[in-house]
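Data from start_25.cif: mmCIF, C-alpha atoms
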data_model
loop_
_atom_site.label_atom_id
_atom_site.label_comp_id
_atom_site.auth_asym_id
_atom_site.auth_seq_id
_atom_site.Cartn_x
_atom_site.Cartn_y
_atom_site.Cartn_z
CA MET A 1 0.00 0.00 0.00
CA ILE A 2 1.03 3.60 -0.54
CA LYS A 3 0.32 6.29 2.03
CA GLN A 4 0.59 9.93 1.03
CA TRP A 5 0.26 13.26 2.76
CA LYS A 6 1.26 16.89 2.33
CA ILE A 7 4.25 18.48 4.03
CA SER A 8 6.18 21.73 3.79
CA ILE A 9 9.90 22.40 4.00
CA PRO A 10 10.03 25.90 5.52
CA GLN A 11 13.76 26.37 5.05
CA LEU A 12 13.44 25.70 1.33
CA SER A 13 9.95 26.66 0.16
CA GLY A 14 8.15 28.36 3.05
CA ASP A 15 4.55 27.25 3.51
CA ALA A 16 4.25 25.72 0.04
CA GLU A 17 3.14 22.11 0.29
CA ARG A 18 4.41 19.05 -1.49
CA CYS A 19 3.53 15.37 -1.24
CA VAL A 20 5.31 12.57 0.60
CA TYR A 21 4.65 9.03 -0.63
CA VAL A 22 5.42 5.99 1.51
CA TYR A 23 5.19 2.46 0.13
CA LEU A 24 4.56 -0.17 2.80
CA PRO A 25 4.53 -3.97 2.49
CA ALA A 26 0.99 -5.32 2.49
CA ASP A 27 1.27 -6.96 5.90
CA TRP A 28 3.21 -4.20 7.64
CA GLN A 29 0.56 -3.77 10.38
CA ASN A 30 0.00 -7.47 10.95
CA ARG A 31 3.53 -8.62 11.79
CA GLU A 32 6.14 -7.66 14.32
CA GLU A 33 8.66 -7.12 11.57
CA ARG A 34 10.83 -4.14 10.69
CA TYR A 35 11.94 -3.20 7.19
CA PRO A 36 14.86 -1.57 5.35
CA VAL A 37 14.11 1.85 3.86
CA LEU A 38 14.83 3.31 0.41
CA TYR A 39 14.51 7.10 0.10
CA MET A 40 13.85 8.50 -3.38
CA PHE A 41 13.81 11.91 -5.06
CA ASP A 42 11.08 13.24 -7.40
CA GLY A 43 8.42 11.35 -5.48
CA HIS A 44 5.60 12.48 -7.78
CA ASN A 45 7.24 10.44 -10.57
CA VAL A 46 7.80 7.27 -8.58
CA PHE A 47 4.40 5.60 -8.13
CA PHE A 48 1.50 7.10 -10.10
CA ASP A 49 1.27 7.98 -13.77
CA ASP A 50 -1.36 10.64 -13.10
CA HIS A 51 0.98 12.38 -10.67
CA ALA A 52 4.05 12.19 -12.92
CA THR A 53 5.34 15.28 -14.71
CA TYR A 54 5.24 13.64 -18.15
CA GLY A 55 2.39 11.20 -17.54
CA LYS A 56 4.63 8.16 -16.91
CA SER A 57 5.90 7.05 -13.52
CA TRP A 58 8.55 4.52 -12.52
CA GLY A 59 5.77 2.09 -11.59
CA MET A 60 7.60 1.40 -8.35
CA GLY A 61 4.50 0.27 -6.50
CA GLU A 62 3.63 -2.36 -9.09
CA TYR A 63 7.18 -3.68 -9.02
CA MET A 64 7.22 -3.87 -5.23
CA ASP A 65 3.89 -5.68 -5.11
CA ALA A 66 4.84 -8.13 -7.85
CA GLN A 67 8.14 -8.97 -6.16
CA GLN A 68 6.61 -8.93 -2.66
CA LYS A 69 9.52 -6.83 -1.47
CA LYS A 70 9.91 -6.41 2.29
CA LEU A 71 11.00 -2.82 1.97
CA ILE A 72 9.65 0.64 2.78
CA VAL A 73 10.05 3.27 0.06
CA VAL A 74 9.85 6.96 0.98
CA ALA A 75 9.60 9.39 -1.94
CA VAL A 76 9.22 13.17 -1.66
CA GLU A 77 7.83 15.40 -4.40
CA CYS A 78 10.21 17.99 -5.79
CA ASN A 79 9.70 21.75 -5.78
CA HIS A 80 8.11 22.59 -9.15
CA GLU A 81 8.40 26.36 -8.76
CA GLY A 82 10.69 27.99 -11.34
CA ASN A 83 14.25 26.69 -11.03
CA GLN A 84 13.77 25.45 -7.48
CA ARG A 85 14.15 21.78 -8.37
CA LEU A 86 17.60 22.49 -9.80
CA GLU A 87 18.57 24.40 -6.66
CA GLU A 88 17.25 21.84 -4.19
CA TYR A 89 18.74 18.92 -6.09
CA SER A 90 22.25 20.31 -6.40
CA PRO A 91 24.87 20.29 -3.64
CA VAL A 92 26.95 22.92 -5.47
CA ASP A 93 26.48 26.13 -7.45
CA PHE A 94 26.72 25.72 -11.22
CA ASP A 95 25.98 27.51 -14.48
CA PHE A 96 23.10 26.19 -16.54
CA PRO A 97 22.57 27.20 -20.21
CA GLN A 98 19.77 29.76 -20.72
CA ILE A 99 19.24 30.05 -16.95
CA GLY A 100 22.51 31.33 -15.59
CA THR A 101 23.96 30.50 -12.20
CA VAL A 102 22.03 28.00 -10.12
CA GLN A 103 22.64 28.25 -6.38
CA GLY A 104 22.84 24.75 -5.01
CA ARG A 105 20.77 24.13 -1.89
CA GLY A 106 21.30 20.39 -1.76
CA LYS A 107 22.86 20.49 1.71
CA THR A 108 19.81 22.28 3.11
CA TYR A 109 17.57 19.66 1.51
CA MET A 110 19.59 16.74 2.82
CA ASP A 111 19.80 18.24 6.32
CA TRP A 112 16.00 18.44 6.30
CA LEU A 113 15.66 14.86 5.05
CA VAL A 114 18.11 13.49 7.63
CA ASN A 115 17.06 15.59 10.63
CA THR A 116 13.31 16.02 10.07
CA LEU A 117 11.85 13.51 7.60
CA LYS A 118 13.84 10.42 8.54
CA PRO A 119 13.15 10.71 12.30
CA TYR A 120 9.43 11.07 11.51
CA ILE A 121 9.46 8.00 9.25
CA ASP A 122 11.39 5.96 11.84
CA ALA A 123 8.97 7.01 14.61
CA ASN A 124 5.79 6.23 12.68
CA PHE A 125 6.63 3.18 10.59
CA PRO A 126 8.36 -0.16 11.34
CA THR A 127 11.76 0.72 9.91
CA LEU A 128 15.23 -0.63 10.42
CA PRO A 129 16.70 2.85 10.96
CA ASP A 130 20.40 2.04 10.99
CA ARG A 131 22.84 2.80 8.17
CA GLU A 132 23.06 -0.85 7.12
CA HIS A 133 19.39 -0.82 6.13
CA THR A 134 19.04 2.70 4.68
CA SER A 135 19.56 3.49 0.98
CA ILE A 136 18.80 6.38 -1.36
CA ALA A 137 18.00 6.65 -5.09
CA GLY A 138 17.20 9.20 -7.75
CA SER A 139 17.42 10.07 -11.42
CA SER A 140 18.95 12.99 -13.32
CA MET A 141 19.49 15.75 -10.71
CA GLY A 142 18.08 13.28 -8.19
CA GLY A 143 20.82 10.87 -9.25
CA LEU A 144 23.39 13.54 -8.47
CA MET A 145 21.77 14.04 -5.06
CA ALA A 146 21.87 10.30 -4.36
CA LEU A 147 25.63 10.36 -4.95
CA TYR A 148 26.00 13.42 -2.72
CA ALA A 149 23.93 11.76 0.00
CA VAL A 150 25.97 8.55 0.07
CA CYS A 151 29.20 10.59 0.08
CA ASP A 152 28.47 13.32 2.62
CA TYR A 153 25.85 11.49 4.70
CA ASN A 154 27.40 8.05 4.57
CA HIS A 155 26.76 7.56 8.28
CA ILE A 156 23.05 7.56 7.34
CA PHE A 157 22.96 5.99 3.85
CA LYS A 158 25.05 2.94 3.12
CA ASN A 159 24.03 2.52 -0.54
CA ALA A 160 22.82 4.65 -3.44
CA ALA A 161 21.33 4.23 -6.91
CA CYS A 162 22.19 7.03 -9.34
CA LEU A 163 20.19 6.75 -12.57
CA SER A 164 21.19 9.06 -15.45
CA PRO A 165 22.90 11.26 -12.84
CA SER A 166 23.70 14.88 -13.73
CA PHE A 167 27.39 14.64 -12.85
CA TRP A 168 28.17 16.77 -15.91
CA MET A 169 26.72 20.02 -14.59
CA SER A 170 29.90 20.70 -12.57
CA LYS A 171 32.25 17.77 -12.97
CA ASP A 172 35.13 19.22 -10.97
CA LYS A 173 32.90 20.09 -8.02
CA VAL A 174 31.28 16.66 -8.09
CA LEU A 175 34.71 15.01 -8.13
CA HIS A 176 35.70 17.19 -5.18
CA ILE A 177 32.71 15.83 -3.23
CA VAL A 178 33.74 12.25 -3.96
CA GLU A 179 37.42 12.87 -3.28
CA ASN A 180 36.74 14.41 0.13
CA ALA A 181 33.91 12.11 1.21
CA ARG A 182 34.19 10.03 4.35
CA ILE A 183 32.65 7.08 2.57
CA ALA A 184 33.13 3.56 3.87
CA THR A 185 34.34 0.87 1.50
CA ASP A 186 31.31 -1.30 2.26
CA SER A 187 29.07 1.21 0.48
CA ILE A 188 27.50 0.15 -2.82
CA ILE A 189 26.76 2.65 -5.58
CA TYR A 190 24.79 1.75 -8.70
CA ILE A 191 25.25 4.13 -11.64
CA GLY A 192 23.08 3.50 -14.69
CA TYR A 193 22.85 5.32 -18.02
CA GLY A 194 20.90 4.54 -21.16
CA SER A 195 22.93 4.02 -24.32
CA VAL A 196 20.63 6.42 -26.20
CA GLU A 197 21.25 9.39 -23.90
CA LEU A 198 25.06 9.29 -23.76
CA PRO A 199 26.29 9.75 -27.37
CA ASN A 200 24.62 13.14 -27.80
CA HIS A 201 26.12 14.63 -24.65
CA ALA A 202 29.88 14.18 -24.36
CA PRO A 203 30.16 15.91 -20.94
CA SER A 204 27.95 13.19 -19.45
CA SER A 205 30.29 10.44 -20.64
CA GLU A 206 33.38 12.27 -19.41
CA ALA A 207 31.89 13.00 -15.98
CA LEU A 208 30.50 9.49 -15.64
CA ILE A 209 33.87 7.86 -16.29
CA SER A 210 35.70 10.28 -14.01
CA VAL A 211 33.31 9.80 -11.09
CA ALA A 212 33.23 6.01 -11.42
CA ARG A 213 37.04 5.83 -11.62
CA LEU A 214 37.46 8.00 -8.52
CA LEU A 215 34.94 5.95 -6.55
CA LEU A 216 36.80 2.79 -7.47
CA THR A 217 40.11 4.28 -6.32
CA ARG A 218 38.39 5.04 -3.01
CA GLY A 219 37.63 1.33 -2.70
CA VAL A 220 33.87 1.75 -3.01
CA ASN A 221 31.75 -1.00 -4.60
CA VAL A 222 30.53 0.49 -7.90
CA ALA A 223 28.13 -1.09 -10.36
CA LEU A 224 28.35 0.92 -13.59
CA LYS A 225 25.91 -0.01 -16.34
CA ILE A 226 25.25 1.39 -19.81
CA ILE A 227 21.96 -0.20 -20.80
CA PRO A 228 21.24 -0.64 -24.53
CA GLY A 229 18.21 1.18 -25.86
CA LEU A 230 17.39 3.19 -22.76
CA SER A 231 17.14 6.97 -22.60
CA HIS A 232 16.56 9.80 -20.12
CA ASN A 233 12.99 9.20 -18.96
CA GLU A 234 10.85 7.40 -16.40
CA SER A 235 10.18 4.44 -18.66
CA SER A 236 13.92 3.78 -18.93
CA TRP A 237 14.45 4.20 -15.19
CA GLU A 238 11.59 1.80 -14.51
CA LYS A 239 13.45 -0.86 -16.50
CA GLN A 240 16.47 -0.40 -14.23
CA ILE A 241 14.60 -1.02 -10.98
CA PRO A 242 15.43 -4.76 -10.86
CA MET A 243 19.07 -3.96 -11.66
CA PHE A 244 19.71 -1.44 -8.91
CA MET A 245 17.56 -3.28 -6.38
CA ASP A 246 19.65 -6.39 -6.96
CA HIS A 247 22.95 -4.53 -6.71
CA LEU A 248 21.94 -2.73 -3.52
CA GLY A 249 20.70 -5.97 -1.99
CA LEU A 250 17.12 -4.72 -1.59
#

Transcribe the structure of this file into structure tokens.
Amino acid sequence: MIKQWKISIPQLSGDAERCVYVYLPADWQNREERYPVLYMFDGHNVFFDDHATYGKSWGMGEYMDAQQKKLIVVAVECNHEGNQRLEEYSPVDFDFPQIGTVQGRGKTYMDWLVNTLKPYIDANFPTLPDREHTSIAGSSMGGLMALYAVCDYNHIFKNAACLSPSFWMSKDKVLHIVENARIATDSIIYIGYGSVELPNHAPSSEALISVARLLLTRGVNVALKIIPGLSHNESSWEKQIPMFMDHLGL
């Protein structure tokens, strides 16, 4: 089942509300069992087609039900106002064509997730709250944030799935995050790109290779996949769910 409710993040968007979605195993109230948790970005695109920006979701709920996964998934809607999604989903400032300088507010977002949202989820649902059982995932800018989370908040998130991550927007700054991260070698990071999206954007390929190489030199477990025929959209990310779930041990 999927519970949903409205919340605000005052430090980022004042009183404006956005939706939180929480997937729960069917028998979560009937058993004295606790579950690992996967946090996800762009929550409006995760479960329901009629909530998704482009009319197609990841179909995460259907996958979870079909596989009878014993896992809680927490997904928060992004800020749709202007360029706010870019700001909230970037840990660094960067220049974006036709927009100008984007001021990254990713640290503020992650501090809210770690210090406000996660304690609420752990207090109200049967979670396994420790690092060993807490993962994070996202796509595009959300994929960048998943990398940032597992690097700078590695005491909270052991593993991350980064789908079509926007490492390219400031490669040097992203590499600096990885280079200076206190990330344990037992962490697992899945990085997935579609073969269709890479050839037309050389900076993505260069950043992808650089980030993966640096993670490997840090001794981190990296699963890097270029999947034939997939592109930069929810349908392609849906096809990668079994891949990253398997790699992260979920």

Quick one: contact table of range 120-163 of chain A to range 210-216 of chain A, 12 Å max, nearest atom pair and distance in Å to one decimal per residue, counting only C-alpha atoms, chain and number order, as a Markdown table?
| residue | atom | partner | partner_atom | distance |
| --- | --- | --- | --- | --- |
| A:Leu144 | CA | A:Val211 | CA | 10.9 |
| A:Leu147 | CA | A:Val211 | CA | 9.8 |
| A:Tyr148 | CA | A:Val211 | CA | 11.7 |
| A:Val150 | CA | A:Leu215 | CA | 11.4 |
| A:Cys151 | CA | A:Leu215 | CA | 9.9 |
| A:Cys162 | CA | A:Ala212 | CA | 11.3 |

I'd like to see the residues matched by the PyMOL selection byres ((chain A and resi 182) around 9) on this file, and ideally I'd get them as a PDB file with C-alpha atoms, in the coordinates of the input.
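Contents of result.pdb, freshly written:
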ATOM      1  CA  CYS A 151      29.200  10.590   0.080  1.00  0.00           C
ATOM      2  CA  ASP A 152      28.470  13.320   2.620  1.00  0.00           C
ATOM      3  CA  TYR A 153      25.850  11.490   4.700  1.00  0.00           C
ATOM      4  CA  ASN A 154      27.400   8.050   4.570  1.00  0.00           C
ATOM      5  CA  HIS A 155      26.760   7.560   8.280  1.00  0.00           C
ATOM      6  CA  VAL A 178      33.740  12.250  -3.960  1.00  0.00           C
ATOM      7  CA  GLU A 179      37.420  12.870  -3.280  1.00  0.00           C
ATOM      8  CA  ASN A 180      36.740  14.410   0.130  1.00  0.00           C
ATOM      9  CA  ALA A 181      33.910  12.110   1.210  1.00  0.00           C
ATOM     10  CA  ILE A 183      32.650   7.080   2.570  1.00  0.00           C
ATOM     11  CA  ALA A 184      33.130   3.560   3.870  1.00  0.00           C
TER      12      ALA A 184
END

Hey, could you make a per-residue contact list for range 105-145 of chain A against range 190-202 of chain A with 12 Å as the cut-off, showing the nearest pair of atoms and its distance in Å to one decimal, counting all atoms listed in the file, sorted by chain and number, as a tab-separated table?
residue	atom	partner	partner_atom	distance
A:Ser135	CA	A:Tyr190	CA	11.1
A:Ile136	CA	A:Tyr190	CA	10.5
A:Ala137	CA	A:Tyr190	CA	9.1
A:Gly138	CA	A:Ile191	CA	10.3
A:Ser139	CA	A:Gly192	CA	9.3
A:Ser140	CA	A:Tyr193	CA	9.8
A:Gly143	CA	A:Ile191	CA	8.4
A:Leu144	CA	A:Ile191	CA	10.1

What does the PyMOL selection byres ((chain A and resi 25) around 10) select in this file, as a tab-separated table (two decimals) with C-alpha atoms, keeping the file's coordinate frame?
chain	number	residue	atom	x	y	z
A	1	MET	CA	0.00	0.00	0.00
A	2	ILE	CA	1.03	3.60	-0.54
A	23	TYR	CA	5.19	2.46	0.13
A	24	LEU	CA	4.56	-0.17	2.80
A	26	ALA	CA	0.99	-5.32	2.49
A	27	ASP	CA	1.27	-6.96	5.90
A	28	TRP	CA	3.21	-4.20	7.64
A	29	GLN	CA	0.56	-3.77	10.38
A	35	TYR	CA	11.94	-3.20	7.19
A	61	GLY	CA	4.50	0.27	-6.50
A	64	MET	CA	7.22	-3.87	-5.23
A	65	ASP	CA	3.89	-5.68	-5.11
A	68	GLN	CA	6.61	-8.93	-2.66
A	69	LYS	CA	9.52	-6.83	-1.47
A	70	LYS	CA	9.91	-6.41	2.29
A	71	LEU	CA	11.00	-2.82	1.97
A	72	ILE	CA	9.65	0.64	2.78
A	73	VAL	CA	10.05	3.27	0.06

### Distance criterion (only C-alpha atoms): nearest to Ser8 in chain A out of A:Leu117, A:Leu208, A:Met40, A:Val46
A:Leu117

Assuming 6 Å of padding per side, give the centre and edge lengths of the axis-aligned box around every listed atom of range 23-30 of chain A, in Å to one decimal and as JSON.
{"center_x": 2.6, "center_y": -2.5, "center_z": 5.5, "size_x": 17.2, "size_y": 21.9, "size_z": 22.8}

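Closest approach to Thr101 in chain A among A:Ala52, A:Met169, A:Ala75, A:Met141 is made by A:Met169 (distances from all atoms listed in the file).
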
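Pairwise distance (CA of Gln4 in chain A, CA of Pro36 in chain A) equals 18.8 Å.
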
### Query
CA of Ile121 in chain A and CA of Glu32 in chain A are how many Å apart?
16.8 Å

Mind filling out range 159-170 of chain A with all heavy atoms and sending it as a PDB file, keeping the file's coordinate frame?
ATOM      1  N   ASN A 159      24.039   2.804   0.898  1.00  0.00           N
ATOM      2  CA  ASN A 159      24.030   2.520  -0.540  1.00  0.00           C
ATOM      3  C   ASN A 159      23.246   3.577  -1.302  1.00  0.00           C
ATOM      4  O   ASN A 159      22.368   4.247  -0.745  1.00  0.00           O
ATOM      5  CB  ASN A 159      23.430   1.146  -0.807  1.00  0.00           C
ATOM      6  CG  ASN A 159      24.143   0.036  -0.059  1.00  0.00           C
ATOM      7  OD1 ASN A 159      25.364   0.074   0.099  1.00  0.00           O
ATOM      8  ND2 ASN A 159      23.387  -0.951   0.409  1.00  0.00           N
ATOM      9  N   ALA A 160      23.523   3.684  -2.602  1.00  0.00           N
ATOM     10  CA  ALA A 160      22.820   4.650  -3.440  1.00  0.00           C
ATOM     11  C   ALA A 160      22.662   4.121  -4.858  1.00  0.00           C
ATOM     12  O   ALA A 160      23.525   3.400  -5.364  1.00  0.00           O
ATOM     13  CB  ALA A 160      23.574   5.979  -3.476  1.00  0.00           C
ATOM     14  N   ALA A 161      21.558   4.498  -5.493  1.00  0.00           N
ATOM     15  CA  ALA A 161      21.330   4.230  -6.910  1.00  0.00           C
ATOM     16  C   ALA A 161      21.231   5.568  -7.625  1.00  0.00           C
ATOM     17  O   ALA A 161      20.374   6.395  -7.301  1.00  0.00           O
ATOM     18  CB  ALA A 161      20.057   3.416  -7.119  1.00  0.00           C
ATOM     19  N   CYS A 162      22.112   5.775  -8.599  1.00  0.00           N
ATOM     20  CA  CYS A 162      22.190   7.030  -9.340  1.00  0.00           C
ATOM     21  C   CYS A 162      21.851   6.740 -10.800  1.00  0.00           C
ATOM     22  O   CYS A 162      22.696   6.241 -11.546  1.00  0.00           O
ATOM     23  CB  CYS A 162      23.583   7.640  -9.236  1.00  0.00           C
ATOM     24  SG  CYS A 162      24.238   7.722  -7.544  1.00  0.00           S
ATOM     25  N   LEU A 163      20.631   7.049 -11.220  1.00  0.00           N
ATOM     26  CA  LEU A 163      20.190   6.750 -12.570  1.00  0.00           C
ATOM     27  C   LEU A 163      20.280   8.013 -13.430  1.00  0.00           C
ATOM     28  O   LEU A 163      19.758   9.078 -13.048  1.00  0.00           O
ATOM     29  CB  LEU A 163      18.756   6.216 -12.567  1.00  0.00           C
ATOM     30  CG  LEU A 163      18.594   4.742 -12.151  1.00  0.00           C
ATOM     31  CD1 LEU A 163      18.918   4.534 -10.674  1.00  0.00           C
ATOM     32  CD2 LEU A 163      17.172   4.257 -12.434  1.00  0.00           C
ATOM     33  N   SER A 164      20.963   7.914 -14.558  1.00  0.00           N
ATOM     34  CA  SER A 164      21.190   9.060 -15.450  1.00  0.00           C
ATOM     35  C   SER A 164      21.614  10.289 -14.652  1.00  0.00           C
ATOM     36  O   SER A 164      21.084  11.386 -14.851  1.00  0.00           O
ATOM     37  CB  SER A 164      19.918   9.370 -16.247  1.00  0.00           C
ATOM     38  OG  SER A 164      19.472   8.261 -16.976  1.00  0.00           O
ATOM     39  N   PRO A 165      22.583  10.154 -13.742  1.00  0.00           N
ATOM     40  CA  PRO A 165      22.900  11.260 -12.840  1.00  0.00           C
ATOM     41  C   PRO A 165      23.541  12.447 -13.566  1.00  0.00           C
ATOM     42  O   PRO A 165      24.326  12.273 -14.493  1.00  0.00           O
ATOM     43  CB  PRO A 165      23.894  10.628 -11.854  1.00  0.00           C
ATOM     44  CG  PRO A 165      24.540   9.530 -12.639  1.00  0.00           C
ATOM     45  CD  PRO A 165      23.457   8.989 -13.521  1.00  0.00           C
ATOM     46  N   SER A 166      23.209  13.647 -13.107  1.00  0.00           N
ATOM     47  CA  SER A 166      23.700  14.880 -13.730  1.00  0.00           C
ATOM     48  C   SER A 166      25.076  15.262 -13.185  1.00  0.00           C
ATOM     49  O   SER A 166      25.267  16.369 -12.679  1.00  0.00           O
ATOM     50  CB  SER A 166      22.699  16.012 -13.520  1.00  0.00           C
ATOM     51  OG  SER A 166      21.465  15.707 -14.104  1.00  0.00           O
ATOM     52  N   PHE A 167      26.037  14.342 -13.295  1.00  0.00           N
ATOM     53  CA  PHE A 167      27.390  14.640 -12.850  1.00  0.00           C
ATOM     54  C   PHE A 167      28.043  15.722 -13.705  1.00  0.00           C
ATOM     55  O   PHE A 167      28.956  16.417 -13.264  1.00  0.00           O
ATOM     56  CB  PHE A 167      28.275  13.383 -12.924  1.00  0.00           C
ATOM     57  CG  PHE A 167      27.839  12.249 -12.032  1.00  0.00           C
ATOM     58  CD1 PHE A 167      28.267  10.950 -12.293  1.00  0.00           C
ATOM     59  CD2 PHE A 167      27.025  12.451 -10.934  1.00  0.00           C
ATOM     60  CE1 PHE A 167      27.894   9.891 -11.487  1.00  0.00           C
ATOM     61  CE2 PHE A 167      26.637  11.400 -10.116  1.00  0.00           C
ATOM     62  CZ  PHE A 167      27.075  10.119 -10.391  1.00  0.00           C
ATOM     63  N   TRP A 168      27.564  15.889 -14.927  1.00  0.00           N
ATOM     64  CA  TRP A 168      28.170  16.770 -15.910  1.00  0.00           C
ATOM     65  C   TRP A 168      28.037  18.242 -15.565  1.00  0.00           C
ATOM     66  O   TRP A 168      28.817  19.076 -16.017  1.00  0.00           O
ATOM     67  CB  TRP A 168      27.531  16.539 -17.281  1.00  0.00           C
ATOM     68  CG  TRP A 168      26.043  16.762 -17.255  1.00  0.00           C
ATOM     69  CD1 TRP A 168      25.088  15.826 -17.004  1.00  0.00           C
ATOM     70  CD2 TRP A 168      25.364  17.997 -17.442  1.00  0.00           C
ATOM     71  NE1 TRP A 168      23.842  16.391 -17.025  1.00  0.00           N
ATOM     72  CE2 TRP A 168      23.974  17.731 -17.284  1.00  0.00           C
ATOM     73  CE3 TRP A 168      25.760  19.306 -17.711  1.00  0.00           C
ATOM     74  CZ2 TRP A 168      23.001  18.717 -17.407  1.00  0.00           C
ATOM     75  CZ3 TRP A 168      24.787  20.298 -17.819  1.00  0.00           C
ATOM     76  CH2 TRP A 168      23.423  19.994 -17.678  1.00  0.00           C
ATOM     77  N   MET A 169      27.041  18.601 -14.740  1.00  0.00           N
ATOM     78  CA  MET A 169      26.720  20.020 -14.590  1.00  0.00           C
ATOM     79  C   MET A 169      27.861  20.801 -13.915  1.00  0.00           C
ATOM     80  O   MET A 169      27.987  22.002 -14.090  1.00  0.00           O
ATOM     81  CB  MET A 169      25.394  20.227 -13.858  1.00  0.00           C
ATOM     82  CG  MET A 169      25.270  19.586 -12.497  1.00  0.00           C
ATOM     83  SD  MET A 169      26.037  20.615 -11.258  1.00  0.00           S
ATOM     84  CE  MET A 169      26.154  19.490  -9.900  1.00  0.00           C
ATOM     85  N   SER A 170      28.699  20.083 -13.127  1.00  0.00           N
ATOM     86  CA  SER A 170      29.900  20.700 -12.570  1.00  0.00           C
ATOM     87  C   SER A 170      30.834  19.569 -12.176  1.00  0.00           C
ATOM     88  O   SER A 170      30.985  19.247 -11.001  1.00  0.00           O
ATOM     89  CB  SER A 170      29.568  21.575 -11.368  1.00  0.00           C
ATOM     90  OG  SER A 170      30.725  22.237 -10.909  1.00  0.00           O
TER      91      SER A 170
END
